[in-house]
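See below for query10.txt, which holds compact mmCIF, N, CA and C atoms.
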# COMPACT_ATOMS: atom_id res chain seq x y z
N MET A 1 18.94 62.10 6.62
CA MET A 1 18.10 63.29 6.58
C MET A 1 18.90 64.45 6.01
N ALA A 2 18.33 65.14 5.07
CA ALA A 2 19.00 66.27 4.42
C ALA A 2 18.93 67.50 5.33
N GLY A 3 19.86 68.41 5.10
CA GLY A 3 19.86 69.65 5.86
C GLY A 3 18.89 70.67 5.28
N ALA A 4 18.71 71.75 6.03
CA ALA A 4 17.76 72.79 5.62
C ALA A 4 18.14 73.41 4.28
N ASP A 5 19.45 73.62 4.05
CA ASP A 5 19.89 74.21 2.78
C ASP A 5 19.59 73.28 1.61
N GLU A 6 19.83 71.99 1.79
CA GLU A 6 19.55 71.02 0.72
C GLU A 6 18.04 70.94 0.46
N ASP A 7 17.25 70.95 1.52
CA ASP A 7 15.79 70.93 1.34
C ASP A 7 15.31 72.17 0.60
N ARG A 8 15.86 73.33 0.95
CA ARG A 8 15.46 74.58 0.28
C ARG A 8 15.80 74.51 -1.20
N GLU A 9 17.00 74.04 -1.52
CA GLU A 9 17.42 73.92 -2.92
C GLU A 9 16.56 72.91 -3.66
N THR A 10 16.27 71.79 -3.01
CA THR A 10 15.40 70.77 -3.61
C THR A 10 14.04 71.35 -3.93
N TRP A 11 13.44 72.07 -2.98
CA TRP A 11 12.13 72.68 -3.16
C TRP A 11 12.15 73.69 -4.30
N GLU A 12 13.15 74.55 -4.33
CA GLU A 12 13.23 75.59 -5.37
C GLU A 12 13.37 74.96 -6.76
N THR A 13 14.22 73.95 -6.88
CA THR A 13 14.40 73.27 -8.17
C THR A 13 13.12 72.56 -8.58
N PHE A 14 12.49 71.89 -7.63
CA PHE A 14 11.23 71.19 -7.90
C PHE A 14 10.17 72.16 -8.41
N ARG A 15 10.03 73.31 -7.76
CA ARG A 15 9.03 74.30 -8.16
C ARG A 15 9.37 74.90 -9.53
N GLU A 16 10.62 74.92 -9.89
CA GLU A 16 11.02 75.41 -11.22
C GLU A 16 10.73 74.37 -12.30
N LEU A 17 11.05 73.11 -12.02
CA LEU A 17 10.91 72.05 -13.02
C LEU A 17 9.48 71.54 -13.16
N VAL A 18 8.74 71.49 -12.07
CA VAL A 18 7.35 71.04 -12.13
C VAL A 18 6.52 72.27 -12.52
N ASN A 19 6.22 72.36 -13.81
CA ASN A 19 5.55 73.56 -14.33
C ASN A 19 4.07 73.34 -14.61
N MET A 20 3.53 72.21 -14.18
CA MET A 20 2.11 71.95 -14.32
C MET A 20 1.43 72.21 -12.98
N THR A 21 0.23 72.76 -13.02
CA THR A 21 -0.52 72.98 -11.79
C THR A 21 -1.05 71.63 -11.29
N PRO A 22 -1.38 71.55 -10.02
CA PRO A 22 -1.95 70.29 -9.52
C PRO A 22 -3.19 69.86 -10.31
N SER A 23 -4.06 70.80 -10.65
CA SER A 23 -5.28 70.43 -11.38
C SER A 23 -4.96 69.97 -12.80
N ALA A 24 -4.01 70.64 -13.47
CA ALA A 24 -3.63 70.22 -14.83
C ALA A 24 -2.97 68.85 -14.80
N LEU A 25 -2.13 68.61 -13.81
CA LEU A 25 -1.46 67.31 -13.70
C LEU A 25 -2.48 66.22 -13.38
N ARG A 26 -3.39 66.49 -12.47
CA ARG A 26 -4.43 65.51 -12.12
C ARG A 26 -5.27 65.17 -13.35
N GLU A 27 -5.64 66.19 -14.12
CA GLU A 27 -6.42 65.96 -15.35
C GLU A 27 -5.62 65.12 -16.34
N TRP A 28 -4.34 65.47 -16.53
CA TRP A 28 -3.47 64.73 -17.45
C TRP A 28 -3.36 63.26 -17.04
N LEU A 29 -3.20 63.01 -15.75
CA LEU A 29 -3.03 61.63 -15.27
C LEU A 29 -4.26 60.77 -15.55
N GLY A 30 -5.40 61.39 -15.81
CA GLY A 30 -6.61 60.66 -16.13
C GLY A 30 -6.75 60.26 -17.59
N THR A 31 -5.78 60.65 -18.42
CA THR A 31 -5.88 60.37 -19.86
C THR A 31 -5.23 59.04 -20.23
N ALA A 32 -5.65 58.51 -21.37
CA ALA A 32 -5.06 57.27 -21.88
C ALA A 32 -3.60 57.48 -22.25
N ASP A 33 -3.26 58.65 -22.81
CA ASP A 33 -1.86 58.93 -23.17
C ASP A 33 -0.97 58.91 -21.94
N SER A 34 -1.45 59.44 -20.84
CA SER A 34 -0.68 59.42 -19.59
C SER A 34 -0.45 57.99 -19.12
N ARG A 35 -1.51 57.21 -19.11
CA ARG A 35 -1.39 55.82 -18.63
C ARG A 35 -0.51 54.97 -19.54
N ALA A 36 -0.41 55.32 -20.83
CA ALA A 36 0.38 54.53 -21.78
C ALA A 36 1.87 54.87 -21.73
N ALA A 37 2.21 56.06 -21.25
CA ALA A 37 3.60 56.52 -21.27
C ALA A 37 4.41 55.88 -20.14
N GLY A 38 5.69 55.73 -20.39
CA GLY A 38 6.61 55.30 -19.34
C GLY A 38 6.78 53.80 -19.25
N GLN A 39 7.57 53.41 -18.25
CA GLN A 39 7.88 52.00 -18.03
C GLN A 39 6.86 51.39 -17.07
N HIS A 40 6.29 50.26 -17.50
CA HIS A 40 5.28 49.58 -16.71
C HIS A 40 5.87 48.28 -16.15
N GLN A 41 5.70 48.07 -14.86
CA GLN A 41 6.13 46.83 -14.23
C GLN A 41 4.97 45.84 -14.22
N ASP A 42 5.17 44.70 -14.83
CA ASP A 42 4.16 43.63 -14.82
C ASP A 42 2.78 44.10 -15.25
N GLY A 43 2.73 45.02 -16.22
CA GLY A 43 1.47 45.48 -16.76
C GLY A 43 0.72 46.46 -15.88
N GLY A 44 1.29 46.86 -14.76
CA GLY A 44 0.62 47.78 -13.84
C GLY A 44 0.89 49.23 -14.19
N GLU A 45 0.71 50.08 -13.22
CA GLU A 45 0.91 51.51 -13.38
C GLU A 45 2.38 51.82 -13.65
N SER A 46 2.63 52.76 -14.55
CA SER A 46 4.02 53.14 -14.84
C SER A 46 4.62 53.90 -13.68
N THR A 47 5.94 53.89 -13.61
CA THR A 47 6.66 54.62 -12.57
C THR A 47 6.32 56.11 -12.63
N GLY A 48 6.27 56.67 -13.84
CA GLY A 48 5.98 58.09 -13.99
C GLY A 48 4.56 58.44 -13.58
N HIS A 49 3.61 57.57 -13.89
CA HIS A 49 2.22 57.83 -13.52
C HIS A 49 2.08 57.85 -12.00
N ALA A 50 2.71 56.90 -11.34
CA ALA A 50 2.69 56.87 -9.86
C ALA A 50 3.38 58.12 -9.31
N SER A 51 4.47 58.52 -9.95
CA SER A 51 5.17 59.74 -9.53
C SER A 51 4.26 60.95 -9.65
N GLY A 52 3.51 61.03 -10.74
CA GLY A 52 2.59 62.15 -10.93
C GLY A 52 1.58 62.26 -9.81
N ARG A 53 1.06 61.12 -9.36
CA ARG A 53 0.11 61.14 -8.25
C ARG A 53 0.78 61.67 -6.98
N ALA A 54 2.03 61.27 -6.75
CA ALA A 54 2.77 61.75 -5.58
C ALA A 54 3.05 63.25 -5.70
N ILE A 55 3.34 63.71 -6.90
CA ILE A 55 3.60 65.14 -7.12
C ILE A 55 2.36 65.96 -6.80
N VAL A 56 1.19 65.50 -7.23
CA VAL A 56 -0.05 66.21 -6.92
C VAL A 56 -0.21 66.33 -5.41
N GLU A 57 0.09 65.26 -4.68
CA GLU A 57 -0.01 65.31 -3.22
C GLU A 57 0.98 66.31 -2.63
N ILE A 58 2.22 66.30 -3.12
CA ILE A 58 3.24 67.23 -2.62
C ILE A 58 2.82 68.67 -2.88
N LEU A 59 2.32 68.94 -4.07
CA LEU A 59 1.91 70.30 -4.41
C LEU A 59 0.74 70.78 -3.56
N GLY A 60 -0.02 69.86 -3.01
CA GLY A 60 -1.14 70.22 -2.17
C GLY A 60 -0.78 70.49 -0.71
N LYS A 61 0.47 70.26 -0.36
CA LYS A 61 0.92 70.46 1.02
C LYS A 61 1.57 71.83 1.18
N SER A 62 1.51 72.34 2.38
CA SER A 62 2.30 73.54 2.67
C SER A 62 3.74 73.09 2.88
N LYS A 63 4.67 73.97 2.63
CA LYS A 63 6.09 73.63 2.72
C LYS A 63 6.44 73.05 4.09
N GLY A 64 5.84 73.57 5.14
CA GLY A 64 6.13 73.09 6.48
C GLY A 64 5.61 71.69 6.77
N ASP A 65 4.70 71.19 5.94
CA ASP A 65 4.13 69.86 6.14
C ASP A 65 4.84 68.78 5.31
N LEU A 66 5.87 69.16 4.57
CA LEU A 66 6.57 68.19 3.73
C LEU A 66 7.42 67.26 4.59
N SER A 67 7.37 65.98 4.26
CA SER A 67 8.13 64.96 5.00
C SER A 67 9.46 64.70 4.32
N ASP A 68 10.31 63.94 4.99
CA ASP A 68 11.57 63.52 4.39
C ASP A 68 11.30 62.71 3.11
N ALA A 69 10.24 61.91 3.12
CA ALA A 69 9.87 61.13 1.93
C ALA A 69 9.46 62.05 0.78
N ASP A 70 8.77 63.14 1.10
CA ASP A 70 8.40 64.11 0.07
C ASP A 70 9.65 64.72 -0.56
N TYR A 71 10.60 65.12 0.27
CA TYR A 71 11.84 65.70 -0.26
C TYR A 71 12.62 64.68 -1.08
N ALA A 72 12.62 63.43 -0.65
CA ALA A 72 13.29 62.38 -1.42
C ALA A 72 12.63 62.24 -2.79
N HIS A 73 11.29 62.30 -2.82
CA HIS A 73 10.60 62.18 -4.10
C HIS A 73 10.86 63.40 -4.97
N MET A 74 10.91 64.58 -4.37
CA MET A 74 11.21 65.79 -5.15
C MET A 74 12.60 65.68 -5.77
N ARG A 75 13.57 65.14 -5.04
CA ARG A 75 14.92 64.96 -5.62
C ARG A 75 14.87 63.98 -6.80
N LYS A 76 14.07 62.93 -6.68
CA LYS A 76 13.90 61.96 -7.76
C LYS A 76 13.29 62.64 -8.99
N VAL A 77 12.26 63.44 -8.76
CA VAL A 77 11.60 64.18 -9.85
C VAL A 77 12.59 65.12 -10.52
N ASN A 78 13.33 65.88 -9.72
CA ASN A 78 14.30 66.83 -10.28
C ASN A 78 15.31 66.13 -11.17
N GLY A 79 15.84 65.01 -10.72
CA GLY A 79 16.81 64.27 -11.51
C GLY A 79 16.21 63.72 -12.79
N TYR A 80 15.02 63.14 -12.69
CA TYR A 80 14.37 62.57 -13.87
C TYR A 80 14.10 63.65 -14.91
N VAL A 81 13.49 64.75 -14.50
CA VAL A 81 13.13 65.80 -15.46
C VAL A 81 14.38 66.35 -16.13
N ARG A 82 15.42 66.61 -15.38
CA ARG A 82 16.67 67.13 -15.98
C ARG A 82 17.25 66.14 -16.99
N ARG A 83 17.31 64.86 -16.62
CA ARG A 83 17.86 63.84 -17.55
C ARG A 83 17.01 63.73 -18.80
N HIS A 84 15.70 63.71 -18.62
CA HIS A 84 14.79 63.52 -19.74
C HIS A 84 14.81 64.73 -20.68
N LEU A 85 14.90 65.93 -20.13
CA LEU A 85 14.97 67.13 -20.96
C LEU A 85 16.21 67.12 -21.84
N ALA A 86 17.30 66.57 -21.34
CA ALA A 86 18.55 66.50 -22.11
C ALA A 86 18.44 65.54 -23.29
N GLN A 87 17.40 64.71 -23.31
CA GLN A 87 17.20 63.72 -24.38
C GLN A 87 16.10 64.14 -25.35
N ARG A 88 15.82 65.44 -25.42
CA ARG A 88 14.73 65.93 -26.28
C ARG A 88 14.96 65.48 -27.72
N PRO A 89 13.96 64.85 -28.33
CA PRO A 89 14.09 64.44 -29.73
C PRO A 89 13.97 65.64 -30.67
N ALA A 90 14.47 65.48 -31.85
CA ALA A 90 14.36 66.53 -32.87
C ALA A 90 12.92 66.59 -33.37
N GLY A 91 12.53 67.75 -33.82
CA GLY A 91 11.22 67.91 -34.45
C GLY A 91 10.12 68.21 -33.45
N GLU A 92 8.91 68.08 -33.94
CA GLU A 92 7.70 68.35 -33.16
C GLU A 92 7.54 67.30 -32.06
N VAL A 93 7.31 67.74 -30.84
CA VAL A 93 7.22 66.81 -29.72
C VAL A 93 5.82 66.74 -29.08
N ARG A 94 4.88 67.49 -29.64
CA ARG A 94 3.55 67.60 -29.01
C ARG A 94 2.94 66.24 -28.67
N ASP A 95 2.92 65.31 -29.58
CA ASP A 95 2.25 64.03 -29.35
C ASP A 95 3.25 62.88 -29.26
N THR A 96 4.33 63.09 -28.54
CA THR A 96 5.35 62.05 -28.41
C THR A 96 5.32 61.41 -27.03
N ARG A 97 5.78 60.18 -26.95
CA ARG A 97 5.89 59.51 -25.66
C ARG A 97 6.89 60.26 -24.77
N TRP A 98 7.88 60.91 -25.38
CA TRP A 98 8.87 61.70 -24.62
C TRP A 98 8.16 62.78 -23.82
N ARG A 99 7.30 63.55 -24.50
CA ARG A 99 6.56 64.61 -23.80
C ARG A 99 5.59 64.03 -22.80
N HIS A 100 4.88 62.98 -23.18
CA HIS A 100 3.90 62.38 -22.29
C HIS A 100 4.56 61.87 -21.01
N SER A 101 5.73 61.28 -21.14
CA SER A 101 6.45 60.80 -19.97
C SER A 101 6.83 61.96 -19.05
N LEU A 102 7.35 63.03 -19.64
CA LEU A 102 7.70 64.21 -18.83
C LEU A 102 6.47 64.78 -18.13
N MET A 103 5.36 64.81 -18.82
CA MET A 103 4.14 65.35 -18.21
C MET A 103 3.70 64.50 -17.02
N ASN A 104 3.92 63.19 -17.08
CA ASN A 104 3.60 62.35 -15.93
C ASN A 104 4.43 62.77 -14.71
N TRP A 105 5.60 63.34 -14.97
CA TRP A 105 6.48 63.80 -13.89
C TRP A 105 6.27 65.29 -13.59
N GLY A 106 5.19 65.87 -14.13
CA GLY A 106 4.81 67.23 -13.78
C GLY A 106 5.42 68.33 -14.62
N HIS A 107 6.13 67.97 -15.70
CA HIS A 107 6.76 68.98 -16.54
C HIS A 107 6.24 68.90 -17.99
N ASP A 108 5.65 69.97 -18.45
CA ASP A 108 5.21 70.04 -19.84
C ASP A 108 6.25 70.84 -20.61
N PRO A 109 7.04 70.19 -21.47
CA PRO A 109 8.10 70.90 -22.19
C PRO A 109 7.58 71.95 -23.16
N LEU A 110 6.32 71.87 -23.56
CA LEU A 110 5.78 72.87 -24.46
C LEU A 110 5.58 74.21 -23.75
N LYS A 111 5.53 74.21 -22.43
CA LYS A 111 5.45 75.47 -21.69
C LYS A 111 6.76 76.24 -21.76
N ASP A 112 7.85 75.54 -22.10
CA ASP A 112 9.17 76.17 -22.21
C ASP A 112 9.39 76.79 -23.59
N ASP A 113 8.61 76.33 -24.57
CA ASP A 113 8.81 76.79 -25.96
C ASP A 113 8.28 78.19 -26.19
The structure given in the file should be rewritten as structure tokens.
Amino acid sequence: MAGADEDRETWETFRELVNMTPSALREWLGTADSRAAGQHQDGGESTGHASGRAIVEILGKSKGDLSDADYAHMRKVNGYVRRHLAQRPAGEVRDTRWRHSLMNWGHDPLKDD
């Protein structure tokens, strides 16, 4: 179990990196581009798509209702988004799998541009 300081830092980083609203993320997750992005196990839902659904749930909770599992997922999201941002391809990224994958994890890199 993480301490209060680690949870606070995790929450603050998560809120900084997840720049999509719950409604925008929910809408995005319903698209074919969202379902096509990321790594799929045995033809099922991608890891990122499943993560996006968990992010929507986390964003819908009050901070006091977050579980240890929620904080663990937020740490996973924070790490993924940071790693993926460091791999930004050159050129226009609007319709790339790179952007689509990040959006599944709640971050739209075009909001940073």
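Going from atom C of Ala4 of chain A over to atom C of Asp65 of chain A, you cover 14.1 Å.
Across A:Gly106, A:Gly79, A:Gly60, A:Gly91, the tightest approach to Thr10 of chain A is made by A:Gly79 when counting only C-alpha atoms.
The space between atom C of Asp70 of chain A and atom C of Val56 of chain A spans 11.1 Å.
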Write out, as a tab-separated table, each residue of segment 47-90 of chain A that has an atom at most 9 Å from segment 16-21 of chain A, together with the closest pair of atoms and their distance in Å to one decimal, counting only C-alpha atoms, rows going by chain and rising number.
residue	atom	partner	partner_atom	distance
A:Ile55	CA	A:Val18	CA	8.6
A:Val56	CA	A:Thr21	CA	8.4
A:Leu59	CA	A:Thr21	CA	8.2
A:Val77	CA	A:Val18	CA	8.4
A:Asn78	CA	A:Leu17	CA	6.8
A:Val81	CA	A:Leu17	CA	7.1
A:Arg82	CA	A:Leu17	CA	8.1
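Within 12 Å of Asp95 of chain A, once only C-alpha atoms are used and residues closer than 5 positions along the same chain are dropped, the contacting residues are Asp33, Ser34, Ala37, Pro89, His100, Ser101, Leu102, Met103, Asp108, Pro109 and Leu110 of chain A.
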Check: Which residue, A:Ile58, A:Ser46, A:His107, A:Met74, has the smallest gap to Thr13 of chain A when you use only N, CA and C atoms?
Finding: A:Met74
Check: Separation of atom CA of Trp105 of chain A and atom CA of Trp28 of chain A, in Å?
Finding: 10.6 Å
Next item on the list: Compile the contact shell of Ala69 of chain A as a PyMOL selection string: residues with an atom at most 12 Å away, counting only C-alpha atoms, same-chain residues fewer than 5 positions apart removed.
Entry: chain A and resi 1-2+7+54-55+57-58+74-76
Next item on the list: Using backbone DSSP assignments, extract all helix (DSSP H, G or I) residues from chain A; output them as a PyMOL selection string.
Entry: chain A and resi 4-17+22-29+32-36+47-59+63-65+68-85+97-104+109-111
